[in-house]
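Participant: Below is query-v1.tsv; it holds TSV, C-alpha atoms.
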```tsv
chain	number	residue	atom	x	y	z
A	1	MET	CA	0.00	0.00	0.00
A	2	SER	CA	1.28	3.48	-0.83
A	3	THR	CA	2.18	5.62	2.16
A	4	GLN	CA	2.24	8.95	0.32
A	5	THR	CA	-0.16	11.66	1.44
A	6	TRP	CA	-3.28	12.13	-0.62
A	7	ASP	CA	-4.58	15.65	-1.12
A	8	GLU	CA	-6.92	17.06	-3.75
A	9	MET	CA	-4.08	17.82	-6.17
A	10	ARG	CA	-2.81	14.24	-6.02
A	11	VAL	CA	-6.30	12.80	-6.48
A	12	ARG	CA	-6.74	14.97	-9.57
A	13	ALA	CA	-3.35	13.83	-10.84
A	14	LEU	CA	-4.38	10.19	-10.38
A	15	HIS	CA	-7.56	10.83	-12.35
A	16	ASP	CA	-5.60	12.47	-15.17
A	17	ASP	CA	-3.04	9.65	-15.26
A	18	LEU	CA	-5.81	7.03	-15.41
A	19	VAL	CA	-7.44	8.97	-18.26
A	20	ALA	CA	-4.09	8.97	-20.09
A	21	LEU	CA	-3.78	5.21	-19.61
A	22	TYR	CA	-7.35	4.46	-20.66
A	23	GLU	CA	-9.62	7.24	-21.94
A	24	PRO	CA	-11.93	9.93	-20.54
A	25	VAL	CA	-15.13	8.65	-18.97
A	26	ASP	CA	-18.24	9.42	-20.98
A	27	ARG	CA	-20.89	9.60	-18.32
A	28	VAL	CA	-23.74	9.25	-20.78
A	29	ALA	CA	-22.22	6.19	-22.40
A	30	GLU	CA	-21.41	4.54	-19.06
A	31	HIS	CA	-24.38	5.32	-16.82
A	32	GLY	CA	-25.03	8.86	-15.73
A	33	ALA	CA	-27.77	10.82	-14.07
A	34	ASP	CA	-30.67	11.46	-16.44
A	35	PRO	CA	-32.91	14.36	-15.41
A	36	THR	CA	-35.55	13.23	-17.92
A	37	ALA	CA	-35.82	9.70	-16.54
A	38	GLU	CA	-39.22	8.39	-15.51
A	39	PRO	CA	-39.89	8.44	-11.72
A	40	GLY	CA	-39.78	4.66	-11.54
A	41	GLU	CA	-36.32	4.43	-13.09
A	42	GLY	CA	-34.63	5.06	-9.75
A	43	VAL	CA	-36.65	2.25	-8.19
A	44	ARG	CA	-35.78	-0.04	-11.08
A	45	GLN	CA	-32.11	0.76	-10.60
A	46	LEU	CA	-32.36	0.00	-6.89
A	47	VAL	CA	-34.02	-3.35	-7.60
A	48	THR	CA	-31.46	-4.21	-10.28
A	49	THR	CA	-28.59	-3.22	-8.01
A	50	ILE	CA	-29.92	-5.51	-5.28
A	51	LEU	CA	-30.00	-8.30	-7.87
A	52	SER	CA	-26.39	-7.51	-8.82
A	53	GLN	CA	-24.98	-8.03	-5.33
A	54	ASN	CA	-22.20	-10.65	-5.45
A	55	VAL	CA	-23.02	-11.92	-8.94
A	56	ALA	CA	-21.72	-11.52	-12.49
A	57	ASP	CA	-23.25	-8.91	-14.78
A	58	GLU	CA	-24.71	-11.50	-17.16
A	59	ASN	CA	-26.66	-13.22	-14.38
A	60	THR	CA	-27.86	-9.83	-13.14
A	61	ARG	CA	-29.18	-9.09	-16.62
A	62	ARG	CA	-30.93	-12.47	-16.87
A	63	ALA	CA	-32.52	-12.11	-13.43
A	64	SER	CA	-33.64	-8.56	-14.15
A	65	GLU	CA	-35.24	-9.56	-17.45
A	66	ALA	CA	-37.01	-12.49	-15.81
A	67	LEU	CA	-38.29	-10.28	-13.00
A	68	PHE	CA	-39.68	-7.50	-15.15
A	69	ASP	CA	-41.07	-9.91	-17.74
A	70	ARG	CA	-42.99	-11.85	-15.08
A	71	TYR	CA	-44.45	-8.94	-13.11
A	72	ASP	CA	-46.37	-6.01	-14.57
A	73	ASP	CA	-45.25	-3.38	-12.10
A	74	PHE	CA	-43.55	-2.73	-8.76
A	75	ALA	CA	-46.80	-3.32	-6.86
A	76	ALA	CA	-46.98	-6.83	-8.29
A	77	ILE	CA	-43.36	-7.50	-7.28
A	78	GLU	CA	-43.99	-6.25	-3.75
A	79	ALA	CA	-47.12	-8.40	-3.42
A	80	ALA	CA	-45.63	-11.49	-5.09
A	81	ASP	CA	-45.48	-14.81	-3.32
A	82	HIS	CA	-42.00	-15.03	-1.82
A	83	GLU	CA	-41.28	-18.50	-3.19
A	84	GLU	CA	-42.40	-17.51	-6.68
A	85	LEU	CA	-40.28	-14.36	-6.58
A	86	ARG	CA	-37.31	-16.33	-5.28
A	87	GLU	CA	-37.51	-18.77	-8.18
A	88	THR	CA	-37.92	-15.96	-10.70
A	89	ILE	CA	-34.62	-14.35	-9.69
A	90	ARG	CA	-32.73	-17.52	-8.75
A	91	VAL	CA	-30.09	-17.01	-11.46
A	92	ALA	CA	-28.85	-13.94	-9.55
A	93	GLY	CA	-27.83	-16.09	-6.58
A	94	LEU	CA	-28.90	-15.70	-2.94
A	95	PRO	CA	-32.53	-15.73	-4.12
A	96	ASP	CA	-34.12	-15.89	-0.66
A	97	GLN	CA	-32.19	-12.89	0.61
A	98	LYS	CA	-32.56	-10.84	-2.55
A	99	ALA	CA	-36.29	-11.49	-2.87
A	100	ALA	CA	-36.78	-10.30	0.70
A	101	ARG	CA	-34.55	-7.25	0.16
A	102	ILE	CA	-36.42	-6.23	-2.98
A	103	GLN	CA	-39.82	-6.53	-1.31
A	104	ARG	CA	-38.63	-4.66	1.80
A	105	ALA	CA	-37.26	-1.87	-0.39
A	106	LEU	CA	-40.50	-1.55	-2.36
A	107	THR	CA	-42.54	-1.50	0.84
A	108	ALA	CA	-40.30	1.22	2.32
A	109	ILE	CA	-40.62	3.35	-0.82
A	110	ARG	CA	-44.40	2.97	-1.03
A	111	GLU	CA	-44.84	3.83	2.64
A	112	GLU	CA	-42.52	6.83	2.39
A	113	THR	CA	-44.30	8.30	-0.62
A	114	GLY	CA	-47.84	7.44	0.39
A	115	GLY	CA	-48.34	4.93	-2.38
A	116	ALA	CA	-45.97	5.81	-5.24
A	117	TYR	CA	-43.04	3.70	-6.35
A	118	SER	CA	-40.65	6.59	-6.86
A	119	LEU	CA	-37.37	7.69	-5.31
A	120	ALA	CA	-37.72	11.25	-6.58
A	121	PHE	CA	-37.92	12.51	-2.98
A	122	LEU	CA	-34.27	11.55	-2.50
A	123	ASP	CA	-33.19	14.14	-5.06
A	124	ALA	CA	-34.11	16.97	-2.70
A	125	LEU	CA	-32.18	15.49	0.23
A	126	PRO	CA	-28.50	16.10	0.98
A	127	THR	CA	-26.39	13.16	-0.12
A	128	GLU	CA	-25.76	11.83	3.38
A	129	GLU	CA	-29.45	11.98	4.30
A	130	ALA	CA	-30.43	10.24	1.08
A	131	LYS	CA	-27.84	7.53	1.68
A	132	ALA	CA	-29.00	7.12	5.28
A	133	TRP	CA	-32.61	6.64	4.14
A	134	LEU	CA	-31.62	3.93	1.68
A	135	THR	CA	-29.27	2.09	4.02
A	136	GLU	CA	-31.95	1.93	6.71
A	137	ILE	CA	-33.57	-0.71	4.48
A	138	LYS	CA	-32.23	-4.07	5.61
A	139	GLY	CA	-30.01	-5.49	2.88
A	140	VAL	CA	-29.27	-2.15	1.22
A	141	GLY	CA	-25.65	-1.32	2.00
A	142	PRO	CA	-23.51	1.70	1.15
A	143	LYS	CA	-22.49	0.35	-2.25
A	144	THR	CA	-26.08	-0.26	-3.39
A	145	ALA	CA	-27.15	3.15	-2.07
A	146	SER	CA	-24.23	4.89	-3.76
A	147	VAL	CA	-24.93	3.23	-7.11
A	148	VAL	CA	-28.49	4.58	-7.07
A	149	LEU	CA	-27.58	8.01	-5.77
A	150	ASN	CA	-24.62	8.58	-8.07
A	151	PHE	CA	-25.73	6.84	-11.26
A	152	HIS	CA	-29.39	7.94	-11.15
A	153	PHE	CA	-29.32	11.24	-9.25
A	154	GLY	CA	-25.75	12.37	-9.88
A	155	LYS	CA	-25.10	12.79	-6.17
A	156	PRO	CA	-21.41	12.80	-5.14
A	157	THR	CA	-21.02	9.44	-3.46
A	158	MET	CA	-18.75	6.68	-4.78
A	159	ALA	CA	-19.91	3.10	-5.16
A	160	VAL	CA	-17.04	0.98	-3.83
A	161	ASP	CA	-17.01	-2.45	-5.44
A	162	THR	CA	-14.22	-5.01	-5.07
A	163	HIS	CA	-12.09	-3.40	-7.79
A	164	VAL	CA	-12.41	0.13	-6.38
A	165	GLU	CA	-11.69	-1.06	-2.86
A	166	ARG	CA	-8.67	-3.16	-3.87
A	167	VAL	CA	-7.05	-0.48	-6.02
A	168	SER	CA	-7.80	2.28	-3.51
A	169	LYS	CA	-6.16	0.32	-0.70
A	170	ARG	CA	-3.11	-0.55	-2.79
A	171	PHE	CA	-2.72	3.12	-3.75
A	172	GLY	CA	-3.25	4.24	-0.15
A	173	LEU	CA	-6.38	6.25	-0.92
A	174	VAL	CA	-8.10	4.11	1.72
A	175	PRO	CA	-6.49	2.53	4.80
A	176	GLU	CA	-5.71	-1.15	4.31
A	177	SER	CA	-7.71	-2.06	7.40
A	178	ALA	CA	-10.81	-0.07	6.41
A	179	SER	CA	-14.15	-1.84	6.17
A	180	ASN	CA	-16.15	-1.44	2.98
A	181	GLU	CA	-18.38	1.09	4.73
A	182	ARG	CA	-15.36	3.09	5.88
A	183	ALA	CA	-13.91	2.89	2.36
A	184	HIS	CA	-17.05	4.58	1.05
A	185	ASP	CA	-16.73	7.34	3.64
A	186	ALA	CA	-13.00	7.83	3.01
A	187	LEU	CA	-13.36	8.14	-0.76
A	188	ASP	CA	-16.36	10.46	-0.49
A	189	GLU	CA	-14.31	12.70	1.79
A	190	ARG	CA	-11.14	12.60	-0.31
A	191	VAL	CA	-12.33	12.72	-3.93
A	192	PRO	CA	-13.66	16.03	-5.35
A	193	ASP	CA	-17.36	15.80	-6.10
A	194	GLU	CA	-17.03	16.15	-9.87
A	195	LEU	CA	-14.48	13.30	-9.98
A	196	ILE	CA	-16.53	10.82	-7.94
A	197	TYR	CA	-18.15	9.18	-10.94
A	198	PRO	CA	-15.28	9.20	-13.46
A	199	LEU	CA	-12.76	8.02	-10.88
A	200	HIS	CA	-15.14	5.21	-9.90
A	201	VAL	CA	-15.20	4.01	-13.51
A	202	LEU	CA	-11.45	4.45	-14.01
A	203	LEU	CA	-10.54	2.56	-10.84
A	204	ILE	CA	-12.72	-0.33	-11.99
A	205	ARG	CA	-11.02	-0.30	-15.39
A	206	HIS	CA	-7.62	-0.33	-13.73
A	207	GLY	CA	-8.62	-3.13	-11.39
A	208	ARG	CA	-9.77	-5.26	-14.30
A	209	ALA	CA	-6.91	-4.42	-16.66
A	210	HIS	CA	-3.91	-4.39	-14.32
A	211	CYS	CA	-4.61	-4.47	-10.59
A	212	SER	CA	-6.15	-7.92	-10.21
A	213	ALA	CA	-6.42	-9.56	-6.82
A	214	ARG	CA	-3.70	-12.08	-7.71
A	215	ASN	CA	-0.71	-11.76	-10.00
A	216	ALA	CA	-1.32	-8.06	-10.63
A	217	ASP	CA	0.40	-6.53	-13.65
A	218	CYS	CA	2.21	-3.48	-12.29
A	219	ASP	CA	4.04	-2.73	-15.53
A	220	ASN	CA	2.13	0.45	-16.27
A	221	PRO	CA	2.72	4.13	-15.45
A	222	VAL	CA	-0.15	4.42	-12.97
A	223	CYS	CA	1.04	1.58	-10.75
A	224	GLU	CA	4.61	2.83	-11.04
A	225	ALA	CA	3.53	6.27	-9.82
A	226	TYR	CA	1.04	5.38	-7.10
A	227	CYS	CA	1.43	1.80	-5.94
A	228	ASP	CA	4.00	-0.11	-3.92
A	229	CYS	CA	1.99	-3.27	-3.31
A	230	GLU	CA	3.63	-6.69	-3.11
A	231	PHE	CA	3.35	-7.16	-6.89
A	232	CYS	CA	5.18	-3.89	-7.59
A	233	GLU	CA	8.23	-4.81	-5.54
```
Could you render the structure from this file as structure tokens?

Facilitator:
Amino acid sequence: MSTQTWDEMRVRALHDDLVALYEPVDRVAEHGADPTAEPGEGVRQLVTTILSQNVADENTRRASEALFDRYDDFAAIEAADHEELRETIRVAGLPDQKAARIQRALTAIREETGGAYSLAFLDALPTEEAKAWLTEIKGVGPKTASVVLNFHFGKPTMAVDTHVERVSKRFGLVPESASNERAHDALDERVPDELIYPLHVLLIRHGRAHCSARNADCDNPVCEAYCDCEFCE
């Protein structure tokens, strides 16, 4: 793990060096907040993100398609028989837990809004309050909340997946001993708001291309500049 001090200038330099190694992040092409999105799109993203927990993208896609093909709307998903819902999303893994999480989330949203399946009310809340509301739902952690808040609403909170956490710890952006929750807090505090989303994408790219969990390939200018992990020695 790098022991150099991270300040705003160094974070910006890291972003620029990652852009030079890969390419600038096109928010629209990747994900991006869409102010014209339908009210239910935020709810759909929350449900899809719950499905994506600890599973490959392809299985998330298959489970999401099966879910929205089987049920007409969010009310039908919330009211669905648990066993039926579990079997519908089984390809996503952990079907019992995810079915319960999805139904709890939909219930919480409906009760908060007085009957609507919309997360639009979160847009008016400060980021930390919006994240706190989401993470009060059992099974919705900081990563799931941050995906919804950053990708859908454009709020400055970084979703820390395994790639982001691994690279951030090796670069010293986050303490090696930090929990995933603390990693979210540390990166939100350290990364300038406008770089939250692009740096999230770039760290994932770097984790996939070079900074793998095992046998990392440190023969690149970014690792040479920022990392002194065991593979760089």

Participant: If I take CA of His152 (chain A) and CA of Ala75 (chain A), how far is one from the other in Å, to one decimal?

Facilitator: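 Straight-line distance from CA of His152 (chain A) to CA of Ala75 (chain A) works out to 21.2 Å.
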
Participant: Separation of CA of Val25 (chain A) and CA of Glu194 (chain A), in Å?

Facilitator: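 According to the coordinates, CA of Val25 (chain A) and CA of Glu194 (chain A) are separated by 11.9 Å.
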
Participant: In Å, how far is it from CA of Asp161 (chain A) to CA of Asn215 (chain A)?

Facilitator: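 Between CA of Asp161 (chain A) and CA of Asn215 (chain A) the gap is 19.3 Å.
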
Participant: Can you tell me which residues surround Leu119 (chain A) at a distance of at most 10 Å, considering only C-alpha atoms, apart from same-chain residues fewer than 4 positions away, and format the answer as a list of chain:residue names?

Facilitator: A:Pro39, A:Gly40, A:Glu41, A:Gly42, A:Val43, A:Arg44, A:Leu46, A:Ile109, A:Arg110, A:Glu112, A:Thr113, A:Asp123, A:Ala130, A:Leu134, A:Val148, A:Leu149, A:His152, A:Phe153

Participant: When distances are computed from all atoms listed in the file, which of A:Lys131, A:Arg104, A:Arg166, A:Arg12 shows the smallest separation from Pro192 (chain A)?

Facilitator: A:Arg12

Participant: List as a list in words the protein and nucleic acid residues near Arg86 (chain A), meaning an atom at most 8 Å away when only C-alpha atoms are counted, but skip any in the same chain fewer than 6 places from it.

Facilitator: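 Close residues of Arg86 (chain A): Pro95, Asp96, Lys98 and Ala99 of chain A.
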
Participant: I'd like the contact shell of Leu106 (chain A) - 9 Å cut-off, only C-alpha atoms, skipping same-chain residues fewer than 4 positions apart - returned as a list in words.

Facilitator: Val43, Val47, Phe74, Ala75, Ile77, Glu78, Arg101, Ile102, Arg110, Glu111 and Tyr117 of chain A

Participant: Excluding same-chain residues fewer than 3 positions from Pro198 (chain A), what lies within 9 Å of it counting all atoms listed in the file, as a short mmCIF file (atom, residue, chain, number, x, y, z; two decimals) with C-alpha atoms, in the frame of the given file?

Facilitator:
```
data_model
loop_
_atom_site.label_atom_id
_atom_site.label_comp_id
_atom_site.auth_asym_id
_atom_site.auth_seq_id
_atom_site.Cartn_x
_atom_site.Cartn_y
_atom_site.Cartn_z
CA HIS A 15 -7.56 10.83 -12.35
CA PRO A 24 -11.93 9.93 -20.54
CA VAL A 25 -15.13 8.65 -18.97
CA ASP A 26 -18.24 9.42 -20.98
CA ARG A 27 -20.89 9.60 -18.32
CA GLU A 194 -17.03 16.15 -9.87
CA LEU A 195 -14.48 13.30 -9.98
CA VAL A 201 -15.20 4.01 -13.51
CA LEU A 202 -11.45 4.45 -14.01
CA LEU A 203 -10.54 2.56 -10.84
#
```

Participant: So, counting only C-alpha atoms, which residue among A:Asn220, A:Ser177, A:Ser64, A:Gln103 is closest to Asp81 (chain A)?

Facilitator: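 Going through A:Asn220, A:Ser177, A:Ser64, A:Gln103 one by one, the smallest distance to Asp81 (chain A) is for A:Gln103.
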
Participant: From the options A:Gly114, A:Val167, A:Asn180, A:Ala66, which residue's atoms come nearest to Val222 (chain A), counting all atoms listed in the file?

Facilitator: A:Val167

Participant: Might you pull out every residue within 12 Å of Gln97 (chain A), with all atoms listed in the file counted and same-chain residues fewer than 4 positions away left off, and present them as a PyMOL selection string?

Facilitator: chain A and resi 50-51+53-54+82-83+85-87+89-90+92-93+101-104+138-140
